[in-house]
file structure.tsv (TSV, C-alpha atoms)
chain	number	residue	atom	x	y	z
A	1	ASP	CA	67.68	153.08	85.37
A	2	VAL	CA	66.19	156.57	85.38
A	3	LYS	CA	66.63	158.55	88.51
A	4	VAL	CA	65.65	161.58	90.49
A	5	THR	CA	68.30	162.15	93.14
A	6	GLN	CA	67.86	164.29	96.22
A	7	SER	CA	71.16	165.21	97.77
A	8	SER	CA	70.28	164.57	101.40
A	9	ARG	CA	68.06	161.97	103.04
A	10	TYR	CA	68.04	163.65	106.44
A	11	LEU	CA	68.79	167.25	107.44
A	12	VAL	CA	68.67	169.03	110.76
A	13	LYS	CA	68.78	172.83	110.64
A	14	ARG	CA	68.33	175.65	113.11
A	15	THR	CA	65.53	178.20	113.05
A	16	GLY	CA	66.47	181.15	110.86
A	17	GLU	CA	69.02	179.30	108.75
A	18	LYS	CA	68.90	179.45	104.97
A	19	VAL	CA	68.42	175.90	103.71
A	20	PHE	CA	69.07	174.49	100.25
A	21	LEU	CA	67.51	171.24	99.06
A	22	GLU	CA	68.93	169.93	95.83
A	23	CYS	CA	67.32	167.70	93.22
A	24	VAL	CA	68.90	166.30	90.07
A	25	GLN	CA	67.27	164.18	87.36
A	26	ASP	CA	68.98	162.29	84.56
A	27	MET	CA	66.00	161.78	82.26
A	28	ASP	CA	66.16	165.08	80.36
A	29	HIS	CA	62.71	165.93	81.74
A	30	GLU	CA	61.30	169.39	81.14
A	31	ASN	CA	59.11	169.54	84.24
A	32	MET	CA	60.27	169.43	87.84
A	33	PHE	CA	58.30	169.77	91.06
A	34	TRP	CA	58.78	170.23	94.78
A	35	TYR	CA	56.21	168.81	97.20
A	36	ARG	CA	56.08	168.55	100.94
A	37	GLN	CA	54.49	165.54	102.58
A	38	ASP	CA	52.84	165.74	105.98
A	39	PRO	CA	50.79	163.03	107.73
A	40	GLY	CA	47.10	163.35	106.97
A	41	LEU	CA	47.68	166.07	104.39
A	42	GLY	CA	49.20	164.06	101.57
A	43	LEU	CA	51.47	165.88	99.17
A	44	ARG	CA	51.20	169.62	98.69
A	45	LEU	CA	52.82	171.40	95.78
A	46	ILE	CA	55.30	174.12	96.71
A	47	TYR	CA	56.77	175.16	93.35
A	48	PHE	CA	57.20	173.72	89.90
A	49	SER	CA	59.20	174.49	86.79
A	50	TYR	CA	58.43	173.62	83.19
A	51	ASP	CA	61.67	174.92	81.69
A	52	VAL	CA	65.07	176.25	82.61
A	53	LYS	CA	64.82	179.54	84.51
A	54	MET	CA	61.03	179.22	84.60
A	55	LYS	CA	59.13	178.72	87.85
A	56	GLU	CA	55.56	178.75	89.02
A	57	LYS	CA	54.08	178.89	92.50
A	58	GLY	CA	52.20	175.90	93.71
A	59	ASP	CA	49.68	175.78	96.53
A	60	ILE	CA	51.98	176.60	99.46
A	61	PRO	CA	54.90	178.76	98.22
A	62	GLU	CA	55.17	181.02	101.26
A	63	GLY	CA	58.57	180.84	102.90
A	64	TYR	CA	60.14	179.04	99.94
A	65	SER	CA	61.87	179.94	96.70
A	66	VAL	CA	63.35	177.85	93.88
A	67	SER	CA	66.10	177.97	91.33
A	68	ARG	CA	66.46	176.18	88.02
A	69	GLU	CA	69.62	177.28	86.24
A	70	LYS	CA	70.12	173.97	84.43
A	71	LYS	CA	67.56	171.57	83.03
A	72	GLU	CA	68.59	168.69	85.26
A	73	ARG	CA	68.71	170.56	88.58
A	74	PHE	CA	65.90	172.10	90.62
A	75	SER	CA	66.73	173.60	93.99
A	76	LEU	CA	64.33	174.43	96.80
A	77	ILE	CA	65.39	177.23	99.15
A	78	LEU	CA	64.02	177.92	102.59
A	79	GLU	CA	64.89	181.57	103.06
A	80	SER	CA	64.68	181.50	106.86
A	81	ALA	CA	63.82	178.09	108.20
A	82	SER	CA	61.05	177.80	110.76
A	83	THR	CA	59.86	174.87	112.84
A	84	ASN	CA	56.63	174.61	110.82
A	85	GLN	CA	58.76	173.73	107.80
A	86	THR	CA	59.78	170.47	109.44
A	87	SER	CA	58.55	167.95	106.90
A	88	MET	CA	59.39	165.39	104.23
A	89	TYR	CA	60.29	167.12	100.96
A	90	LEU	CA	59.83	165.26	97.70
A	91	CYS	CA	61.18	166.24	94.31
A	92	ALA	CA	59.59	164.88	91.13
A	93	SER	CA	60.06	165.22	87.40
A	94	SER	CA	58.07	164.47	84.27
A	95	SER	CA	58.53	164.79	80.55
A	96	GLY	CA	56.85	167.63	78.69
A	97	GLN	CA	54.25	165.42	77.08
A	98	GLY	CA	51.21	166.89	78.70
A	99	ALA	CA	48.84	165.92	81.45
A	100	SER	CA	48.88	162.17	80.85
A	101	VAL	CA	52.43	161.55	82.03
A	102	GLY	CA	53.20	160.18	85.47
A	103	TYR	CA	55.89	161.56	87.76
A	104	THR	CA	59.20	160.08	88.81
A	105	PHE	CA	59.98	160.89	92.43
A	106	GLY	CA	63.18	161.13	94.40
A	107	SER	CA	63.58	159.32	97.70
A	108	GLY	CA	62.81	162.42	99.71
A	109	THR	CA	64.61	164.64	102.22
A	110	ARG	CA	63.38	164.59	105.78
A	111	LEU	CA	64.06	168.05	107.18
A	112	THR	CA	63.90	168.85	110.85
A	113	VAL	CA	64.08	172.49	111.93
A	114	VAL	CA	64.99	172.95	115.59
B	115	ALA	CA	38.78	173.31	91.37
B	116	GLN	CA	40.12	169.81	91.33
B	117	SER	CA	40.25	167.61	94.41
B	118	VAL	CA	40.77	164.02	95.40
B	119	ALA	CA	39.58	162.12	98.47
B	120	GLN	CA	40.78	158.90	100.00
B	121	PRO	CA	38.12	158.17	102.60
B	122	GLU	CA	40.08	155.54	104.54
B	123	ASP	CA	43.20	156.37	106.52
B	124	GLN	CA	44.00	152.69	106.84
B	125	VAL	CA	42.96	149.41	105.25
B	126	ASN	CA	43.66	146.04	106.85
B	127	VAL	CA	43.49	142.79	104.89
B	128	ALA	CA	44.73	139.25	105.34
B	129	GLU	CA	47.30	137.87	102.95
B	130	GLY	CA	45.62	136.11	100.05
B	131	ASN	CA	42.42	138.12	100.32
B	132	PRO	CA	41.38	140.73	97.76
B	133	LEU	CA	42.08	144.35	98.60
B	134	THR	CA	40.46	147.63	97.63
B	135	VAL	CA	41.77	151.13	98.34
B	136	LYS	CA	39.17	153.78	97.60
B	137	CYS	CA	39.53	157.09	95.77
B	138	THR	CA	37.04	159.68	94.58
B	139	TYR	CA	37.82	162.83	92.64
B	140	SER	CA	36.42	166.10	91.39
B	141	VAL	CA	37.58	167.94	88.28
B	142	SER	CA	36.07	170.46	85.91
B	143	GLY	CA	37.38	168.86	82.74
B	144	ASN	CA	38.38	165.32	81.86
B	145	PRO	CA	40.36	163.57	84.59
B	146	TYR	CA	43.74	161.98	84.37
B	147	LEU	CA	44.00	159.63	87.35
B	148	PHE	CA	47.04	158.02	88.94
B	149	TRP	CA	47.97	155.69	91.76
B	150	TYR	CA	51.34	155.83	93.49
B	151	VAL	CA	52.82	153.68	96.26
B	152	GLN	CA	55.29	154.73	98.93
B	153	TYR	CA	57.36	152.25	100.88
B	154	PRO	CA	58.97	153.33	104.20
B	155	ASN	CA	61.59	156.05	103.85
B	156	ARG	CA	61.22	156.12	100.08
B	157	GLY	CA	59.76	158.41	97.48
B	158	LEU	CA	56.57	157.62	95.61
B	159	GLN	CA	56.53	155.04	92.84
B	160	PHE	CA	54.12	155.16	89.94
B	161	LEU	CA	51.68	152.20	89.86
B	162	LEU	CA	49.18	152.92	87.11
B	163	LYS	CA	47.17	155.59	85.36
B	164	TYR	CA	43.87	156.16	83.62
B	165	ILE	CA	43.84	158.54	80.68
B	166	THR	CA	41.07	157.33	78.41
B	167	GLY	CA	39.62	154.12	77.02
B	168	ASP	CA	39.06	150.91	78.98
B	169	ASN	CA	37.73	151.58	82.46
B	170	LEU	CA	39.86	148.80	83.98
B	171	VAL	CA	43.50	149.73	84.07
B	172	LYS	CA	46.27	147.27	84.92
B	173	GLY	CA	49.51	148.35	86.51
B	174	SER	CA	52.61	147.19	88.33
B	175	TYR	CA	52.83	144.40	90.93
B	176	GLY	CA	49.44	142.91	89.96
B	177	PHE	CA	47.44	146.01	90.87
B	178	GLU	CA	44.54	147.29	88.84
B	179	ALA	CA	42.11	150.17	89.14
B	180	GLU	CA	38.59	150.74	87.94
B	181	PHE	CA	37.49	154.10	86.61
B	182	ASN	CA	33.82	154.88	87.23
B	183	LYS	CA	32.78	158.17	85.68
B	184	SER	CA	29.27	158.28	87.15
B	185	GLN	CA	30.59	157.75	90.67
B	186	THR	CA	33.74	159.83	90.04
B	187	SER	CA	35.80	157.04	91.56
B	188	PHE	CA	39.07	155.32	90.78
B	189	HIS	CA	39.48	152.49	93.29
B	190	LEU	CA	42.70	150.49	93.46
B	191	LYS	CA	42.32	146.71	93.61
B	192	LYS	CA	44.32	143.53	93.79
B	193	PRO	CA	42.82	140.02	93.69
B	194	SER	CA	45.22	138.51	96.24
B	195	ALA	CA	47.14	140.66	98.71
B	196	LEU	CA	50.75	140.03	99.71
B	197	VAL	CA	52.45	141.06	102.94
B	198	SER	CA	54.91	142.99	100.77
B	199	ASP	CA	52.02	145.16	99.52
B	200	SER	CA	51.94	146.88	102.92
B	201	ALA	CA	52.70	150.52	102.16
B	202	LEU	CA	51.17	153.98	101.81
B	203	TYR	CA	49.05	154.47	98.69
B	204	PHE	CA	48.25	157.80	97.07
B	205	CYS	CA	45.58	158.57	94.53
B	206	ALA	CA	46.20	161.62	92.32
B	207	VAL	CA	44.24	163.55	89.74
B	208	ARG	CA	45.13	165.99	87.03
B	209	ASP	CA	42.59	168.06	85.15
B	210	ASP	CA	43.18	168.34	81.42
B	211	ASN	CA	42.02	171.95	81.70
B	212	THR	CA	45.03	172.95	83.83
B	213	GLY	CA	47.75	172.56	81.26
B	214	GLY	CA	49.08	169.39	82.78
B	215	PHE	CA	51.19	170.90	85.50
B	216	LYS	CA	49.15	170.59	88.64
B	217	THR	CA	48.58	167.18	90.11
B	218	ILE	CA	46.50	166.98	93.26
B	219	PHE	CA	47.27	164.12	95.63
B	220	GLY	CA	45.00	162.54	98.19
B	221	ALA	CA	45.99	162.29	101.83
B	222	GLY	CA	47.05	158.68	101.42
B	223	THR	CA	45.78	155.32	102.65
B	224	ARG	CA	47.99	153.02	104.65
B	225	LEU	CA	47.57	149.38	103.69
B	226	PHE	CA	48.42	146.65	106.19
B	227	VAL	CA	48.50	143.09	104.92
B	228	LYS	CA	48.67	140.53	107.72
B	229	ALA	CA	50.23	137.12	107.19

call {"tool": "encode", "arguments": {"input": "structure.tsv", "output": "structure tokens"}}
result
Amino acid sequence: DVKVTQSSRYLVKRTGEKVFLECVQDMDHENMFWYRQDPGLGLRLIYFSYDVKMKEKGDIPEGYSVSREKKERFSLILESASTNQTSMYLCASSSGQGASVGYTFGSGTRLTVV
Amino acid sequence: AQSVAQPEDQVNVAEGNPLTVKCTYSVSGNPYLFWYVQYPNRGLQFLLKYITGDNLVKGSYGFEAEFNKSQTSFHLKKPSALVSDSALYFCAVRDDNTGGFKTIFGAGTRLFVKA
């Protein structure tokens, strides 16, 4: 069974902390994505990567960075966590077969910044 | 710019009745359209997609969706709802002009199926 695994289901961090959210996929997918999900706003794209060491900004990249050193792993970094980054974070992956391919999502990490 | 709208925050239906969850979209090129479902405390699961061809697309769990180009809609349907269909449903669109990397999601519609 193919999987996208997010390392933590729930996290509580303090304001100003540097936070790492990890995502690993076992499908040899080229593309990986980080979204945040907020009630009434749906999913908003933070960053995506279409190859190792490649990254592109999504719609709301401010306050975040990413790292993709290996094909299977895509990390989201909150440089200095703030309370407005409290949210559900979803990682997704897809194969490099163009626009017609659906995404496989992880189970999400619910982050609370206090 | 591409966009997608789900005009209903919530849809309530009785078990056994047909259900419809609405979605409209806007793209500059040809649309690729998707429906995903999210159960509590889970990630999104792919239900179905429209790429080209037949306007009626069949997907997982008995769901189907109808693509209507003139109305720029892609409504999700099921002939007979189950209580277990209660979940959050997301419509998503990708524009074939954007290189395939940016999917825009709607705000979601919560479906309640009452026994």

call {"tool": "closest_residue", "arguments": {"input": "structure.tsv", "among": "A:Ile46, A:Val12, A:Leu41, A:Cys23", "to": "A:Thr86", "atoms": "only C-alpha atoms"}}
result
A:Val12

call {"tool": "interface_residues", "arguments": {"input": "structure.tsv", "of": "chain B", "to": "chain A", "cutoff": "6 Å", "atoms": "only C-alpha atoms", "output": "PyMOL selection string"}}
result
chain B and resi 156-158+214+219-222

call {"tool": "write_last_selection", "arguments": {"input": "structure.tsv", "atoms": "C-alpha atoms", "output": "mmCIF file, in the frame of the given file"}}
result
data_model
loop_
_atom_site.group_PDB
_atom_site.id
_atom_site.type_symbol
_atom_site.label_atom_id
_atom_site.label_comp_id
_atom_site.auth_asym_id
_atom_site.auth_seq_id
_atom_site.Cartn_x
_atom_site.Cartn_y
_atom_site.Cartn_z
ATOM 1 C CA ARG B 156 61.220 156.120 100.080
ATOM 2 C CA GLY B 157 59.760 158.410 97.480
ATOM 3 C CA LEU B 158 56.570 157.620 95.610
ATOM 4 C CA GLY B 214 49.080 169.390 82.780
ATOM 5 C CA PHE B 219 47.270 164.120 95.630
ATOM 6 C CA GLY B 220 45.000 162.540 98.190
ATOM 7 C CA ALA B 221 45.990 162.290 101.830
ATOM 8 C CA GLY B 222 47.050 158.680 101.420
#

call {"tool": "residues_around", "arguments": {"input": "structure.tsv", "residues": "A:Ile77", "least_positions_apart": "5", "cutoff": "7 Å", "atoms": "only C-alpha atoms", "output": "ChimeraX atom specification"}}
result
/A:19-21,64-66

call {"tool": "residues_near_point", "arguments": {"input": "structure.tsv", "point": "(44.1, 139.5, 104.6)", "cutoff": "9 Å", "atoms": "only C-alpha atoms", "output": "ChimeraX atom specification"}}
result
/B:126-133,194-197,226-229

call {"tool": "write_last_selection", "arguments": {"input": "structure.tsv", "atoms": "C-alpha atoms", "output": "compact mmCIF listing (two decimals), in the coordinates of the input"}}
result
# COMPACT_ATOMS: atom_id res chain seq x y z
CA ASN B 126 43.66 146.04 106.85
CA VAL B 127 43.49 142.79 104.89
CA ALA B 128 44.73 139.25 105.34
CA GLU B 129 47.30 137.87 102.95
CA GLY B 130 45.62 136.11 100.05
CA ASN B 131 42.42 138.12 100.32
CA PRO B 132 41.38 140.73 97.76
CA LEU B 133 42.08 144.35 98.60
CA SER B 194 45.22 138.51 96.24
CA ALA B 195 47.14 140.66 98.71
CA LEU B 196 50.75 140.03 99.71
CA VAL B 197 52.45 141.06 102.94
CA PHE B 226 48.42 146.65 106.19
CA VAL B 227 48.50 143.09 104.92
CA LYS B 228 48.67 140.53 107.72
CA ALA B 229 50.23 137.12 107.19

call {"tool": "atom_distance", "arguments": {"input": "structure.tsv", "atom1": "atom CA of B:Arg224", "atom2": "atom CA of B:Glu122"}}
result
8.3 Å

call {"tool": "decode", "arguments": {"input": "structure.tsv", "residues": "stretch 128-172 of chain B", "atoms": "N, CA and C atoms", "output": "PDB file, in the first residue's frame"}}
result
ATOM      1  N   ALA B 128     -30.632  12.698   3.950  1.00  0.00           N
ATOM      2  CA  ALA B 128     -31.033  11.502   4.676  1.00  0.00           C
ATOM      3  C   ALA B 128     -30.439  10.280   3.989  1.00  0.00           C
ATOM      4  N   GLU B 129     -30.104   9.304   4.795  1.00  0.00           N
ATOM      5  CA  GLU B 129     -29.551   8.059   4.243  1.00  0.00           C
ATOM      6  C   GLU B 129     -30.521   7.471   3.227  1.00  0.00           C
ATOM      7  N   GLY B 130     -29.971   7.032   2.100  1.00  0.00           N
ATOM      8  CA  GLY B 130     -30.781   6.465   1.038  1.00  0.00           C
ATOM      9  C   GLY B 130     -31.201   7.452  -0.022  1.00  0.00           C
ATOM     10  N   ASN B 131     -31.118   8.731   0.305  1.00  0.00           N
ATOM     11  CA  ASN B 131     -31.454   9.770  -0.673  1.00  0.00           C
ATOM     12  C   ASN B 131     -30.252  10.103  -1.541  1.00  0.00           C
ATOM     13  N   PRO B 132     -30.506  10.653  -2.736  1.00  0.00           N
ATOM     14  CA  PRO B 132     -29.366  11.086  -3.569  1.00  0.00           C
ATOM     15  C   PRO B 132     -28.724  12.330  -2.984  1.00  0.00           C
ATOM     16  N   LEU B 133     -27.418  12.462  -3.233  1.00  0.00           N
ATOM     17  CA  LEU B 133     -26.707  13.643  -2.749  1.00  0.00           C
ATOM     18  C   LEU B 133     -25.973  14.329  -3.899  1.00  0.00           C
ATOM     19  N   THR B 134     -25.849  15.641  -3.762  1.00  0.00           N
ATOM     20  CA  THR B 134     -25.073  16.448  -4.701  1.00  0.00           C
ATOM     21  C   THR B 134     -24.244  17.447  -3.909  1.00  0.00           C
ATOM     22  N   VAL B 135     -22.958  17.513  -4.203  1.00  0.00           N
ATOM     23  CA  VAL B 135     -22.074  18.524  -3.641  1.00  0.00           C
ATOM     24  C   VAL B 135     -21.567  19.353  -4.820  1.00  0.00           C
ATOM     25  N   LYS B 136     -21.789  20.661  -4.736  1.00  0.00           N
ATOM     26  CA  LYS B 136     -21.564  21.514  -5.902  1.00  0.00           C
ATOM     27  C   LYS B 136     -20.147  22.088  -5.966  1.00  0.00           C
ATOM     28  N   CYS B 137     -19.695  22.292  -7.208  1.00  0.00           N
ATOM     29  CA  CYS B 137     -18.378  22.875  -7.455  1.00  0.00           C
ATOM     30  C   CYS B 137     -18.401  23.614  -8.781  1.00  0.00           C
ATOM     31  N   THR B 138     -17.895  24.837  -8.781  1.00  0.00           N
ATOM     32  CA  THR B 138     -17.686  25.568 -10.024  1.00  0.00           C
ATOM     33  C   THR B 138     -16.237  26.016 -10.075  1.00  0.00           C
ATOM     34  N   TYR B 139     -15.737  26.261 -11.275  1.00  0.00           N
ATOM     35  CA  TYR B 139     -14.316  26.538 -11.426  1.00  0.00           C
ATOM     36  C   TYR B 139     -14.098  27.619 -12.470  1.00  0.00           C
ATOM     37  N   SER B 140     -12.863  28.128 -12.468  1.00  0.00           N
ATOM     38  CA  SER B 140     -12.448  29.091 -13.485  1.00  0.00           C
ATOM     39  C   SER B 140     -10.986  28.826 -13.813  1.00  0.00           C
ATOM     40  N   VAL B 141     -10.704  28.594 -15.086  1.00  0.00           N
ATOM     41  CA  VAL B 141      -9.328  28.400 -15.542  1.00  0.00           C
ATOM     42  C   VAL B 141      -9.148  29.097 -16.879  1.00  0.00           C
ATOM     43  N   SER B 142      -7.918  29.349 -17.239  1.00  0.00           N
ATOM     44  CA  SER B 142      -7.661  29.984 -18.527  1.00  0.00           C
ATOM     45  C   SER B 142      -7.509  28.962 -19.640  1.00  0.00           C
ATOM     46  N   GLY B 143      -7.010  27.785 -19.294  1.00  0.00           N
ATOM     47  CA  GLY B 143      -6.831  26.742 -20.293  1.00  0.00           C
ATOM     48  C   GLY B 143      -7.869  25.654 -20.105  1.00  0.00           C
ATOM     49  N   ASN B 144      -7.480  24.432 -20.414  1.00  0.00           N
ATOM     50  CA  ASN B 144      -8.373  23.298 -20.195  1.00  0.00           C
ATOM     51  C   ASN B 144      -8.262  22.828 -18.747  1.00  0.00           C
ATOM     52  N   PRO B 145      -9.392  22.522 -18.129  1.00  0.00           N
ATOM     53  CA  PRO B 145      -9.342  22.152 -16.704  1.00  0.00           C
ATOM     54  C   PRO B 145      -9.101  20.667 -16.488  1.00  0.00           C
ATOM     55  N   TYR B 146      -8.322  20.397 -15.456  1.00  0.00           N
ATOM     56  CA  TYR B 146      -8.278  19.065 -14.876  1.00  0.00           C
ATOM     57  C   TYR B 146      -8.963  19.190 -13.522  1.00  0.00           C
ATOM     58  N   LEU B 147      -9.960  18.381 -13.273  1.00  0.00           N
ATOM     59  CA  LEU B 147     -10.819  18.549 -12.097  1.00  0.00           C
ATOM     60  C   LEU B 147     -10.773  17.304 -11.224  1.00  0.00           C
ATOM     61  N   PHE B 148     -10.800  17.519  -9.928  1.00  0.00           N
ATOM     62  CA  PHE B 148     -10.631  16.431  -8.964  1.00  0.00           C
ATOM     63  C   PHE B 148     -11.615  16.607  -7.808  1.00  0.00           C
ATOM     64  N   TRP B 149     -11.996  15.496  -7.219  1.00  0.00           N
ATOM     65  CA  TRP B 149     -12.684  15.489  -5.937  1.00  0.00           C
ATOM     66  C   TRP B 149     -11.886  14.636  -4.954  1.00  0.00           C
ATOM     67  N   TYR B 150     -11.769  15.187  -3.740  1.00  0.00           N
ATOM     68  CA  TYR B 150     -11.120  14.489  -2.636  1.00  0.00           C
ATOM     69  C   TYR B 150     -12.083  14.459  -1.446  1.00  0.00           C
ATOM     70  N   VAL B 151     -11.907  13.459  -0.592  1.00  0.00           N
ATOM     71  CA  VAL B 151     -12.695  13.354   0.632  1.00  0.00           C
ATOM     72  C   VAL B 151     -11.752  13.302   1.828  1.00  0.00           C
ATOM     73  N   GLN B 152     -12.173  13.933   2.912  1.00  0.00           N
ATOM     74  CA  GLN B 152     -11.382  13.913   4.140  1.00  0.00           C
ATOM     75  C   GLN B 152     -12.253  13.447   5.297  1.00  0.00           C
ATOM     76  N   TYR B 153     -11.854  12.353   5.896  1.00  0.00           N
ATOM     77  CA  TYR B 153     -12.525  11.860   7.094  1.00  0.00           C
ATOM     78  C   TYR B 153     -11.849  12.482   8.315  1.00  0.00           C
ATOM     79  N   PRO B 154     -12.506  12.513   9.461  1.00  0.00           N
ATOM     80  CA  PRO B 154     -11.963  13.193  10.652  1.00  0.00           C
ATOM     81  C   PRO B 154     -10.545  12.758  10.986  1.00  0.00           C
ATOM     82  N   ASN B 155      -9.702  13.752  11.225  1.00  0.00           N
ATOM     83  CA  ASN B 155      -8.313  13.531  11.630  1.00  0.00           C
ATOM     84  C   ASN B 155      -7.510  12.719  10.617  1.00  0.00           C
ATOM     85  N   ARG B 156      -7.868  12.852   9.368  1.00  0.00           N
ATOM     86  CA  ARG B 156      -7.146  12.141   8.303  1.00  0.00           C
ATOM     87  C   ARG B 156      -6.749  13.116   7.210  1.00  0.00           C
ATOM     88  N   GLY B 157      -5.839  12.664   6.363  1.00  0.00           N
ATOM     89  CA  GLY B 157      -5.520  13.439   5.173  1.00  0.00           C
ATOM     90  C   GLY B 157      -6.597  13.272   4.129  1.00  0.00           C
ATOM     91  N   LEU B 158      -6.414  13.899   2.983  1.00  0.00           N
ATOM     92  CA  LEU B 158      -7.387  13.812   1.902  1.00  0.00           C
ATOM     93  C   LEU B 158      -7.174  12.525   1.109  1.00  0.00           C
ATOM     94  N   GLN B 159      -8.286  11.965   0.652  1.00  0.00           N
ATOM     95  CA  GLN B 159      -8.222  10.785  -0.214  1.00  0.00           C
ATOM     96  C   GLN B 159      -8.813  11.127  -1.563  1.00  0.00           C
ATOM     97  N   PHE B 160      -8.140  10.699  -2.608  1.00  0.00           N
ATOM     98  CA  PHE B 160      -8.596  10.931  -3.970  1.00  0.00           C
ATOM     99  C   PHE B 160      -9.872  10.131  -4.244  1.00  0.00           C
ATOM    100  N   LEU B 161     -10.891  10.801  -4.814  1.00  0.00           N
ATOM    101  CA  LEU B 161     -12.141  10.135  -5.178  1.00  0.00           C
ATOM    102  C   LEU B 161     -12.258   9.892  -6.674  1.00  0.00           C
ATOM    103  N   LEU B 162     -12.061  10.958  -7.458  1.00  0.00           N
ATOM    104  CA  LEU B 162     -12.213  10.825  -8.898  1.00  0.00           C
ATOM    105  C   LEU B 162     -11.626  12.061  -9.576  1.00  0.00           C
ATOM    106  N   LYS B 163     -11.489  11.942 -10.890  1.00  0.00           N
ATOM    107  CA  LYS B 163     -10.966  13.064 -11.662  1.00  0.00           C
ATOM    108  C   LYS B 163     -11.586  13.115 -13.047  1.00  0.00           C
ATOM    109  N   TYR B 164     -11.617  14.325 -13.599  1.00  0.00           N
ATOM    110  CA  TYR B 164     -11.995  14.523 -14.996  1.00  0.00           C
ATOM    111  C   TYR B 164     -10.782  15.107 -15.712  1.00  0.00           C
ATOM    112  N   ILE B 165     -10.405  14.441 -16.804  1.00  0.00           N
ATOM    113  CA  ILE B 165      -9.296  14.951 -17.612  1.00  0.00           C
ATOM    114  C   ILE B 165      -9.825  15.331 -19.000  1.00  0.00           C
ATOM    115  N   THR B 166     -10.475  14.390 -19.633  1.00  0.00           N
ATOM    116  CA  THR B 166     -11.055  14.616 -20.947  1.00  0.00           C
ATOM    117  C   THR B 166     -12.024  13.486 -21.229  1.00  0.00           C
ATOM    118  N   GLY B 167     -12.843  13.627 -22.276  1.00  0.00           N
ATOM    119  CA  GLY B 167     -13.694  12.524 -22.662  1.00  0.00           C
ATOM    120  C   GLY B 167     -15.088  12.618 -22.075  1.00  0.00           C
ATOM    121  N   ASP B 168     -15.623  11.500 -21.627  1.00  0.00           N
ATOM    122  CA  ASP B 168     -16.985  11.404 -21.118  1.00  0.00           C
ATOM    123  C   ASP B 168     -17.210  12.387 -19.979  1.00  0.00           C
ATOM    124  N   ASN B 169     -18.312  13.114 -20.050  1.00  0.00           N
ATOM    125  CA  ASN B 169     -18.585  14.131 -19.038  1.00  0.00           C
ATOM    126  C   ASN B 169     -18.972  13.548 -17.692  1.00  0.00           C
ATOM    127  N   LEU B 170     -19.401  12.305 -17.651  1.00  0.00           N
ATOM    128  CA  LEU B 170     -19.749  11.648 -16.388  1.00  0.00           C
ATOM    129  C   LEU B 170     -18.596  10.751 -15.977  1.00  0.00           C
ATOM    130  N   VAL B 171     -18.042  11.065 -14.831  1.00  0.00           N
ATOM    131  CA  VAL B 171     -16.873  10.343 -14.342  1.00  0.00           C
ATOM    132  C   VAL B 171     -17.277   9.532 -13.115  1.00  0.00           C
ATOM    133  N   LYS B 172     -16.886   8.290 -13.075  1.00  0.00           N
ATOM    134  CA  LYS B 172     -17.181   7.439 -11.916  1.00  0.00           C
ATOM    135  C   LYS B 172     -15.929   7.261 -11.085  1.00  0.00           C
TER     136      LYS B 172
END
